[in-house]
>>> print(open('upload06.txt').read())   # compact mmCIF, C-alpha atoms
# COMPACT_ATOMS: atom_id res chain seq x y z
CA MET L 1116 1.12 -19.18 -5.87
CA ARG L 1117 0.50 -22.66 -7.38
CA THR L 1118 3.57 -22.31 -9.60
CA ILE L 1119 5.77 -21.57 -6.59
CA LEU L 1120 4.32 -24.53 -4.64
CA ALA L 1121 4.80 -26.87 -7.60
CA LYS L 1122 8.47 -25.85 -7.88
CA VAL L 1123 9.06 -26.31 -4.14
CA ALA L 1124 6.93 -29.45 -3.62
CA LYS L 1125 8.76 -31.70 -6.10
CA PRO L 1126 12.27 -31.13 -4.69
CA ALA L 1127 10.88 -31.43 -1.16
CA SER L 1128 9.24 -34.76 -2.06
CA VAL L 1129 12.46 -36.08 -3.55
CA ALA L 1130 14.41 -34.99 -0.47
CA ALA L 1131 11.86 -36.64 1.84
CA LEU L 1132 12.09 -39.91 -0.11
CA ALA L 1133 15.89 -39.82 0.03
CA ILE L 1134 15.83 -39.27 3.79
CA ALA L 1135 13.30 -42.09 4.22
CA ALA L 1136 15.49 -44.44 2.16
CA LEU L 1137 18.47 -43.68 4.35
CA ALA L 1138 16.41 -44.35 7.46
CA VAL L 1139 15.49 -47.89 6.36
CA ALA L 1140 18.68 -48.84 4.49
CA PRO L 1141 20.93 -51.29 6.34
CA VAL L 1142 24.11 -49.83 7.76
CA ALA L 1143 27.18 -51.12 5.95
CA GLY L 1144 29.01 -53.61 8.12
CA ALA L 1145 26.10 -53.97 10.55
CA ALA L 1146 25.66 -57.38 12.10
CA PRO L 1147 22.83 -59.47 10.62
CA ALA L 1148 19.82 -60.37 12.73
CA ALA L 1149 20.39 -63.20 15.16
CA PRO L 1150 19.27 -66.63 13.93
CA GLU L 1151 16.14 -68.14 15.42
CA ALA L 1152 16.70 -70.43 18.38
CA GLY L 1153 16.93 -74.07 17.32
CA ALA L 1154 17.77 -73.19 13.71
CA THR L 1155 21.41 -74.21 13.99
CA ILE L 1156 22.49 -76.96 11.66
CA THR L 1157 24.95 -79.29 13.33
CA ALA L 1158 27.52 -81.75 11.99
CA ALA L 1159 24.98 -84.52 12.60
CA ASP L 1160 22.73 -82.95 9.95
CA ILE L 1161 25.34 -83.15 7.19
CA ASN L 1162 26.16 -86.16 5.06
CA PRO L 1163 29.70 -85.58 3.71
CA ALA L 1164 29.57 -88.77 1.63
CA ALA L 1165 26.70 -87.32 -0.46
CA GLY L 1166 28.87 -85.01 -2.54
CA THR L 1167 31.02 -81.93 -2.62
CA PHE L 1168 30.35 -78.35 -1.64
CA THR L 1169 31.87 -75.03 -2.53
CA THR L 1170 32.00 -71.57 -0.98
CA VAL L 1171 34.07 -68.51 -1.78
CA PRO L 1172 35.97 -66.15 0.53
CA GLU L 1173 34.02 -63.09 1.77
CA GLY L 1174 36.30 -60.81 -0.29
CA ASP L 1175 35.33 -62.52 -3.56
CA LEU L 1176 31.58 -61.92 -3.19
CA SER L 1177 29.83 -60.04 -5.96
CA ILE L 1178 27.22 -57.39 -5.31
CA GLN L 1179 23.74 -58.87 -5.03
CA GLY L 1180 21.61 -58.36 -8.10
CA ALA L 1181 17.89 -57.84 -7.84
CA ALA L 1182 15.96 -61.11 -7.53
CA ASP L 1183 13.56 -61.07 -10.44
CA GLY L 1184 11.09 -63.76 -9.33
CA THR L 1185 12.31 -66.37 -11.81
CA PRO L 1186 14.01 -69.71 -11.07
CA ALA L 1187 17.17 -68.52 -12.87
CA GLY L 1188 17.09 -65.29 -10.84
CA ALA L 1189 16.78 -67.24 -7.58
CA VAL L 1190 19.77 -69.43 -8.47
CA GLN L 1191 21.74 -66.32 -9.49
CA TRP L 1192 20.89 -64.67 -6.16
CA PHE L 1193 22.45 -67.63 -4.34
CA LYS L 1194 25.50 -67.56 -6.62
CA ASN L 1195 25.93 -63.84 -5.89
CA LYS L 1196 25.74 -64.54 -2.14
CA ALA L 1197 28.07 -67.58 -2.14
CA GLY L 1198 30.35 -67.47 0.89
CA SER L 1199 28.13 -65.13 2.91
CA THR L 1200 27.34 -65.99 6.53
CA ALA L 1201 24.57 -63.37 6.75
CA TYR L 1202 21.80 -66.00 6.40
CA GLN L 1203 23.00 -68.59 8.92
CA GLY L 1204 19.88 -69.86 10.69
CA LEU L 1205 17.71 -67.93 8.22
CA CYS L 1206 17.33 -70.40 5.35
CA GLU L 1207 13.67 -69.56 4.72
CA LYS L 1208 14.48 -65.87 4.53
CA ALA L 1209 17.28 -66.66 2.06
CA VAL L 1210 15.06 -68.63 -0.36
CA GLU L 1211 12.34 -65.98 -0.13
CA ASN L 1212 14.85 -63.18 -0.74
CA ALA L 1213 16.19 -65.12 -3.72
CA TYR L 1214 12.72 -64.76 -5.25
CA GLY L 1215 12.44 -61.08 -4.32
CA THR L 1216 10.13 -61.42 -1.34
CA THR L 1217 10.30 -61.94 2.41
CA GLY L 1218 8.09 -62.76 5.40
CA VAL L 1219 5.85 -65.30 3.68
CA TRP L 1220 6.63 -68.42 5.72
CA ALA L 1221 7.81 -68.52 9.34
CA SER L 1222 10.17 -71.46 8.75
CA ALA L 1223 11.23 -74.11 6.28
CA ASN L 1224 8.80 -76.55 7.96
CA ALA L 1225 5.92 -74.08 7.53
CA HIS L 1226 6.90 -73.64 3.86
CA TRP L 1227 6.99 -77.43 3.28
CA ASN L 1228 3.65 -77.90 5.05
CA GLY L 1229 1.97 -75.07 3.13
CA ALA L 1230 3.41 -75.49 -0.36
CA SER L 1231 2.18 -77.89 -3.03
CA PRO L 1232 2.47 -80.06 -4.95
CA LYS L 1233 5.07 -81.97 -2.97
CA HIS L 1234 7.49 -84.37 -4.67
CA THR L 1235 9.63 -86.89 -2.84
CA THR L 1236 11.41 -88.41 -5.85
CA GLY L 1237 13.05 -87.20 -9.02
CA THR L 1238 15.54 -84.45 -9.72
CA PRO L 1239 14.18 -81.09 -8.56
CA PRO L 1240 14.00 -78.59 -11.45
CA LYS L 1241 16.13 -75.45 -11.39
CA GLY L 1242 14.87 -72.95 -8.82
CA SER L 1243 12.53 -75.36 -7.04
CA PHE L 1244 12.54 -75.48 -3.25
CA VAL L 1245 14.23 -78.46 -1.59
CA TYR L 1246 13.54 -79.37 2.04
CA TRP L 1247 15.08 -81.37 4.88
CA ASN L 1248 13.55 -82.42 8.16
CA ILE L 1249 16.34 -81.21 10.45
CA SER L 1250 16.05 -79.04 13.58
CA GLN L 1251 12.68 -77.89 14.85
CA TRP L 1252 12.47 -75.37 11.97
CA GLY L 1253 13.55 -77.64 9.10
CA HIS L 1254 15.84 -76.50 6.30
CA VAL L 1255 15.21 -75.28 2.76
CA GLY L 1256 17.36 -74.46 -0.25
CA ILE L 1257 17.06 -73.91 -4.01
CA ALA L 1258 17.70 -76.65 -6.60
CA ASP L 1259 20.33 -76.12 -9.27
CA GLY L 1260 18.42 -78.33 -11.75
CA SER L 1261 21.18 -80.95 -11.90
CA GLY L 1262 20.55 -82.75 -8.61
CA GLY L 1263 22.45 -80.25 -6.46
CA ILE L 1264 21.36 -77.37 -4.28
CA TYR L 1265 22.18 -73.85 -3.16
CA ALA L 1266 21.50 -73.17 0.51
CA SER L 1267 22.72 -71.56 3.69
CA SER L 1268 24.72 -73.71 6.12
CA ILE L 1269 26.85 -75.36 3.44
CA GLY L 1270 30.26 -75.35 5.04
CA GLY L 1271 28.89 -72.70 7.43
CA LYS L 1272 28.01 -70.30 4.60
CA ILE L 1273 25.78 -69.90 1.58
CA GLY L 1274 27.14 -72.37 -0.91
CA HIS L 1275 26.48 -75.13 -3.41
CA ALA L 1276 26.30 -78.88 -2.81
CA SER L 1277 26.31 -81.39 -5.64
CA SER L 1278 23.53 -83.49 -4.09
CA VAL L 1279 20.21 -82.90 -2.33
CA ASN L 1280 21.51 -85.48 0.15
CA TYR L 1281 24.20 -83.10 1.45
CA PHE L 1282 21.94 -82.65 4.48
CA ASN L 1283 20.38 -85.68 6.15
CA ASN L 1284 16.62 -86.36 6.24
CA TYR L 1285 15.77 -85.11 2.75
CA ARG L 1286 12.02 -84.50 2.49
CA GLY L 1287 11.56 -83.59 -1.14
CA TRP L 1288 10.83 -80.57 -3.27
CA THR L 1289 8.10 -78.19 -4.39
CA PRO L 1290 7.97 -76.31 -7.70
CA ALA L 1291 9.81 -73.07 -8.34
CA ALA L 1292 7.61 -70.03 -7.71
CA VAL L 1293 7.64 -66.74 -5.87
CA PRO L 1294 6.74 -67.84 -2.31
CA HIS L 1295 3.12 -67.10 -1.45
CA ARG L 1296 0.40 -68.51 0.76
>>> encode(input="upload06.txt", output="structure tokens")
Amino acid sequence: MRTILAKVAKPASVAALAIAALAVAPVAGAAPAAPEAGATITAADINPAAGTFTTVPEGDLSIQGAADGTPAGAVQWFKNKAGSTAYQGLCEKAVENAYGTTGVWASANAHWNGASPKHTTGTPPKGSFVYWNISQWGHVGIADGSGGIYASSIGGKIGHASSVNYFNNYRGWTPAAVPHR
């Protein structure tokens, strides 16, 4: 009897896991979650004289690779998502997802307030978090290591800006790390 159960249990377990994965997988083409109220970045928050930005058309996006928890992996995650509008109003979720996690901080302001050490000068190292005091939620992106940033809301999409001053009211940066409390 045990032999029969062992032969039936394994395929049944695999089938149950496959069904569970389908139940939680996002539906292709489904609309992303609505941004939090007050998280909209307006034209007043952007400093066009600070540098250039780039995005790519939706059709040129590459498939997202797994974020591996490293600074290089976080930057690559943003490069893979360049041009996407799926994270508009969800900057904190984007930087957390870039490091392979989610749900750690409620907003960019909460992340800034809870993370340390804080730096307000110097070029942020690759993969470090960069923050701006805009909107009631703040804004956060990932440093490219050369004085620029990857973030949501660059030209209305995930993109790259050549300066941390692309957004007004730059706060500073905290070291690259998988977000945690």
>>> atom_distance(input="upload06.txt", atom1="atom CA of L:Val1293", atom2="atom CA of L:Asn1212")
9.5 Å
>>> residues_around(input="upload06.txt", residues="stretch 1264-1281 of chain L", least_positions_apart="3", cutoff="9 Å", atoms="only C-alpha atoms", output="count of residues only")
46
>>> atom_distance(input="upload06.txt", atom1="atom CA of L:Trp1220", atom2="atom CA of L:Gly1237")
24.7 Å
>>> closest_residue(input="upload06.txt", among="L:Ala1213, L:Ala1230, L:Ala1291, L:Ala1159", to="L:Phe1244", atoms="all atoms listed in the file")
L:Ala1291
>>> residues_around(input="upload06.txt", residues="L:Pro1294", least_positions_apart="5", cutoff="8 Å", atoms="all atoms listed in the file", output="ChimeraX atom specification")
/L:1211,1214,1216,1219
>>> closest_residue(input="upload06.txt", among="L:Asn1228, L:Ser1250, L:Thr1217, L:Thr1185", to="L:Phe1282", atoms="all atoms listed in the file")
L:Ser1250
>>> atom_distance(input="upload06.txt", atom1="atom CA of L:Gly1253", atom2="atom CA of L:Gly1218")
16.3 Å
>>> closest_residue(input="upload06.txt", among="L:Gly1263, L:Ala1158, L:Gly1215, L:Ala1182", to="L:Lys1241", atoms="only C-alpha atoms")
L:Gly1263
>>> axis_aligned_box(input="upload06.txt", around="stretch 1218-1224 of chain L", padding_each_side="4 Å", output="lines of an AutoDock Vina configuration file")
center_x = 8.5
center_y = -69.7
center_z = 6.5
size_x = 13.4
size_y = 21.8
size_z = 13.7
>>> decode(input="upload06.txt", residues="stretch 1176-1224 of chain L", atoms="N, CA and C atoms", output="PDB file, in the first residue's frame")
ATOM      1  N   LEU L1176      11.395  46.221 -24.306  1.00  0.00           N
ATOM      2  CA  LEU L1176      11.746  45.793 -22.954  1.00  0.00           C
ATOM      3  C   LEU L1176      12.211  44.343 -22.955  1.00  0.00           C
ATOM      4  N   SER L1177      13.223  44.058 -22.161  1.00  0.00           N
ATOM      5  CA  SER L1177      13.673  42.678 -22.029  1.00  0.00           C
ATOM      6  C   SER L1177      12.935  42.023 -20.865  1.00  0.00           C
ATOM      7  N   ILE L1178      12.938  40.723 -20.827  1.00  0.00           N
ATOM      8  CA  ILE L1178      12.289  40.001 -19.751  1.00  0.00           C
ATOM      9  C   ILE L1178      13.077  40.221 -18.463  1.00  0.00           C
ATOM     10  N   GLN L1179      12.363  40.452 -17.380  1.00  0.00           N
ATOM     11  CA  GLN L1179      13.017  40.725 -16.102  1.00  0.00           C
ATOM     12  C   GLN L1179      13.790  39.502 -15.632  1.00  0.00           C
ATOM     13  N   GLY L1180      15.043  39.716 -15.271  1.00  0.00           N
ATOM     14  CA  GLY L1180      15.823  38.661 -14.669  1.00  0.00           C
ATOM     15  C   GLY L1180      15.578  38.654 -13.169  1.00  0.00           C
ATOM     16  N   ALA L1181      15.970  37.608 -12.519  1.00  0.00           N
ATOM     17  CA  ALA L1181      15.785  37.521 -11.077  1.00  0.00           C
ATOM     18  C   ALA L1181      16.736  38.490 -10.380  1.00  0.00           C
ATOM     19  N   ALA L1182      16.203  39.294  -9.478  1.00  0.00           N
ATOM     20  CA  ALA L1182      17.051  40.184  -8.670  1.00  0.00           C
ATOM     21  C   ALA L1182      17.810  39.296  -7.697  1.00  0.00           C
ATOM     22  N   ASP L1183      19.122  39.460  -7.678  1.00  0.00           N
ATOM     23  CA  ASP L1183      19.934  38.544  -6.878  1.00  0.00           C
ATOM     24  C   ASP L1183      20.402  39.121  -5.547  1.00  0.00           C
ATOM     25  N   GLY L1184      19.926  40.306  -5.168  1.00  0.00           N
ATOM     26  CA  GLY L1184      20.298  40.879  -3.880  1.00  0.00           C
ATOM     27  C   GLY L1184      21.615  41.632  -3.886  1.00  0.00           C
ATOM     28  N   THR L1185      22.222  41.809  -5.057  1.00  0.00           N
ATOM     29  CA  THR L1185      23.481  42.543  -5.147  1.00  0.00           C
ATOM     30  C   THR L1185      23.229  43.919  -5.762  1.00  0.00           C
ATOM     31  N   PRO L1186      24.139  44.875  -5.527  1.00  0.00           N
ATOM     32  CA  PRO L1186      23.995  46.179  -6.182  1.00  0.00           C
ATOM     33  C   PRO L1186      23.937  46.068  -7.705  1.00  0.00           C
ATOM     34  N   ALA L1187      24.801  45.235  -8.291  1.00  0.00           N
ATOM     35  CA  ALA L1187      24.789  45.065  -9.750  1.00  0.00           C
ATOM     36  C   ALA L1187      23.463  44.457 -10.206  1.00  0.00           C
ATOM     37  N   GLY L1188      22.931  43.528  -9.437  1.00  0.00           N
ATOM     38  CA  GLY L1188      21.642  42.920  -9.773  1.00  0.00           C
ATOM     39  C   GLY L1188      20.507  43.921  -9.695  1.00  0.00           C
ATOM     40  N   ALA L1189      20.557  44.833  -8.728  1.00  0.00           N
ATOM     41  CA  ALA L1189      19.518  45.861  -8.589  1.00  0.00           C
ATOM     42  C   ALA L1189      19.561  46.812  -9.781  1.00  0.00           C
ATOM     43  N   VAL L1190      20.760  47.227 -10.180  1.00  0.00           N
ATOM     44  CA  VAL L1190      20.893  48.106 -11.349  1.00  0.00           C
ATOM     45  C   VAL L1190      20.414  47.368 -12.592  1.00  0.00           C
ATOM     46  N   GLN L1191      20.765  46.096 -12.730  1.00  0.00           N
ATOM     47  CA  GLN L1191      20.331  45.325 -13.900  1.00  0.00           C
ATOM     48  C   GLN L1191      18.816  45.188 -13.936  1.00  0.00           C
ATOM     49  N   TRP L1192      18.187  45.021 -12.764  1.00  0.00           N
ATOM     50  CA  TRP L1192      16.731  44.930 -12.703  1.00  0.00           C
ATOM     51  C   TRP L1192      16.116  46.195 -13.304  1.00  0.00           C
ATOM     52  N   PHE L1193      16.645  47.369 -12.917  1.00  0.00           N
ATOM     53  CA  PHE L1193      16.126  48.620 -13.459  1.00  0.00           C
ATOM     54  C   PHE L1193      16.384  48.719 -14.963  1.00  0.00           C
ATOM     55  N   LYS L1194      17.542  48.278 -15.414  1.00  0.00           N
ATOM     56  CA  LYS L1194      17.828  48.306 -16.853  1.00  0.00           C
ATOM     57  C   LYS L1194      16.840  47.419 -17.605  1.00  0.00           C
ATOM     58  N   ASN L1195      16.539  46.246 -17.042  1.00  0.00           N
ATOM     59  CA  ASN L1195      15.595  45.332 -17.674  1.00  0.00           C
ATOM     60  C   ASN L1195      14.186  45.912 -17.728  1.00  0.00           C
ATOM     61  N   LYS L1196      13.847  46.766 -16.783  1.00  0.00           N
ATOM     62  CA  LYS L1196      12.505  47.350 -16.699  1.00  0.00           C
ATOM     63  C   LYS L1196      12.419  48.722 -17.360  1.00  0.00           C
ATOM     64  N   ALA L1197      13.494  49.230 -17.935  1.00  0.00           N
ATOM     65  CA  ALA L1197      13.496  50.574 -18.526  1.00  0.00           C
ATOM     66  C   ALA L1197      12.344  50.724 -19.508  1.00  0.00           C
ATOM     67  N   GLY L1198      11.595  51.817 -19.349  1.00  0.00           N
ATOM     68  CA  GLY L1198      10.458  52.094 -20.206  1.00  0.00           C
ATOM     69  C   GLY L1198       9.131  51.623 -19.651  1.00  0.00           C
ATOM     70  N   SER L1199       9.149  50.818 -18.609  1.00  0.00           N
ATOM     71  CA  SER L1199       7.916  50.307 -18.019  1.00  0.00           C
ATOM     72  C   SER L1199       7.199  51.380 -17.211  1.00  0.00           C
ATOM     73  N   THR L1200       5.894  51.394 -17.284  1.00  0.00           N
ATOM     74  CA  THR L1200       5.073  52.300 -16.466  1.00  0.00           C
ATOM     75  C   THR L1200       4.433  51.549 -15.299  1.00  0.00           C
ATOM     76  N   ALA L1201       4.747  50.291 -15.129  1.00  0.00           N
ATOM     77  CA  ALA L1201       4.108  49.460 -14.106  1.00  0.00           C
ATOM     78  C   ALA L1201       4.389  49.923 -12.677  1.00  0.00           C
ATOM     79  N   TYR L1202       5.433  50.714 -12.463  1.00  0.00           N
ATOM     80  CA  TYR L1202       5.803  51.122 -11.101  1.00  0.00           C
ATOM     81  C   TYR L1202       5.560  52.606 -10.846  1.00  0.00           C
ATOM     82  N   GLN L1203       4.739  53.258 -11.669  1.00  0.00           N
ATOM     83  CA  GLN L1203       4.443  54.667 -11.427  1.00  0.00           C
ATOM     84  C   GLN L1203       3.729  54.799 -10.076  1.00  0.00           C
ATOM     85  N   GLY L1204       4.253  55.668  -9.226  1.00  0.00           N
ATOM     86  CA  GLY L1204       3.706  55.845  -7.886  1.00  0.00           C
ATOM     87  C   GLY L1204       4.112  54.757  -6.914  1.00  0.00           C
ATOM     88  N   LEU L1205       4.969  53.849  -7.347  1.00  0.00           N
ATOM     89  CA  LEU L1205       5.391  52.717  -6.512  1.00  0.00           C
ATOM     90  C   LEU L1205       6.911  52.619  -6.464  1.00  0.00           C
ATOM     91  N   CYS L1206       7.579  53.742  -6.263  1.00  0.00           N
ATOM     92  CA  CYS L1206       9.041  53.768  -6.307  1.00  0.00           C
ATOM     93  C   CYS L1206       9.667  52.867  -5.245  1.00  0.00           C
ATOM     94  N   GLU L1207       9.119  52.859  -4.044  1.00  0.00           N
ATOM     95  CA  GLU L1207       9.673  52.013  -2.981  1.00  0.00           C
ATOM     96  C   GLU L1207       9.550  50.543  -3.348  1.00  0.00           C
ATOM     97  N   LYS L1208       8.423  50.168  -3.904  1.00  0.00           N
ATOM     98  CA  LYS L1208       8.244  48.783  -4.337  1.00  0.00           C
ATOM     99  C   LYS L1208       9.275  48.438  -5.415  1.00  0.00           C
ATOM    100  N   ALA L1209       9.530  49.375  -6.332  1.00  0.00           N
ATOM    101  CA  ALA L1209      10.499  49.128  -7.401  1.00  0.00           C
ATOM    102  C   ALA L1209      11.896  48.868  -6.833  1.00  0.00           C
ATOM    103  N   VAL L1210      12.375  49.720  -5.917  1.00  0.00           N
ATOM    104  CA  VAL L1210      13.736  49.516  -5.403  1.00  0.00           C
ATOM    105  C   VAL L1210      13.817  48.244  -4.570  1.00  0.00           C
ATOM    106  N   GLU L1211      12.742  47.915  -3.853  1.00  0.00           N
ATOM    107  CA  GLU L1211      12.745  46.659  -3.094  1.00  0.00           C
ATOM    108  C   GLU L1211      12.747  45.467  -4.043  1.00  0.00           C
ATOM    109  N   ASN L1212      11.895  45.507  -5.072  1.00  0.00           N
ATOM    110  CA  ASN L1212      11.869  44.418  -6.052  1.00  0.00           C
ATOM    111  C   ASN L1212      13.212  44.262  -6.742  1.00  0.00           C
ATOM    112  N   ALA L1213      13.910  45.367  -6.984  1.00  0.00           N
ATOM    113  CA  ALA L1213      15.224  45.307  -7.620  1.00  0.00           C
ATOM    114  C   ALA L1213      16.219  44.514  -6.780  1.00  0.00           C
ATOM    115  N   TYR L1214      15.987  44.465  -5.485  1.00  0.00           N
ATOM    116  CA  TYR L1214      16.836  43.686  -4.581  1.00  0.00           C
ATOM    117  C   TYR L1214      16.220  42.338  -4.218  1.00  0.00           C
ATOM    118  N   GLY L1215      15.114  41.979  -4.873  1.00  0.00           N
ATOM    119  CA  GLY L1215      14.521  40.666  -4.667  1.00  0.00           C
ATOM    120  C   GLY L1215      13.618  40.559  -3.455  1.00  0.00           C
ATOM    121  N   THR L1216      13.100  41.672  -2.979  1.00  0.00           N
ATOM    122  CA  THR L1216      12.212  41.635  -1.829  1.00  0.00           C
ATOM    123  C   THR L1216      11.073  42.623  -2.039  1.00  0.00           C
ATOM    124  N   THR L1217      10.116  42.621  -1.152  1.00  0.00           N
ATOM    125  CA  THR L1217       9.006  43.576  -1.230  1.00  0.00           C
ATOM    126  C   THR L1217       8.332  43.688   0.131  1.00  0.00           C
ATOM    127  N   GLY L1218       7.657  44.819   0.358  1.00  0.00           N
ATOM    128  CA  GLY L1218       6.881  45.000   1.577  1.00  0.00           C
ATOM    129  C   GLY L1218       7.676  45.356   2.811  1.00  0.00           C
ATOM    130  N   VAL L1219       8.907  45.831   2.654  1.00  0.00           N
ATOM    131  CA  VAL L1219       9.726  46.170   3.816  1.00  0.00           C
ATOM    132  C   VAL L1219       9.367  47.550   4.341  1.00  0.00           C
ATOM    133  N   TRP L1220       9.353  48.550   3.467  1.00  0.00           N
ATOM    134  CA  TRP L1220       9.063  49.919   3.876  1.00  0.00           C
ATOM    135  C   TRP L1220       7.772  50.376   3.211  1.00  0.00           C
ATOM    136  N   ALA L1221       6.982  51.158   3.921  1.00  0.00           N
ATOM    137  CA  ALA L1221       5.699  51.638   3.404  1.00  0.00           C
ATOM    138  C   ALA L1221       5.857  52.718   2.351  1.00  0.00           C
ATOM    139  N   SER L1222       6.956  53.454   2.377  1.00  0.00           N
ATOM    140  CA  SER L1222       7.176  54.545   1.429  1.00  0.00           C
ATOM    141  C   SER L1222       8.658  54.873   1.373  1.00  0.00           C
ATOM    142  N   ALA L1223       9.000  55.741   0.427  1.00  0.00           N
ATOM    143  CA  ALA L1223      10.386  56.207   0.331  1.00  0.00           C
ATOM    144  C   ALA L1223      10.762  56.993   1.589  1.00  0.00           C
ATOM    145  N   ASN L1224       9.840  57.799   2.116  1.00  0.00           N
ATOM    146  CA  ASN L1224      10.124  58.544   3.352  1.00  0.00           C
ATOM    147  C   ASN L1224      10.400  57.591   4.515  1.00  0.00           C
TER     148      ASN L1224
END
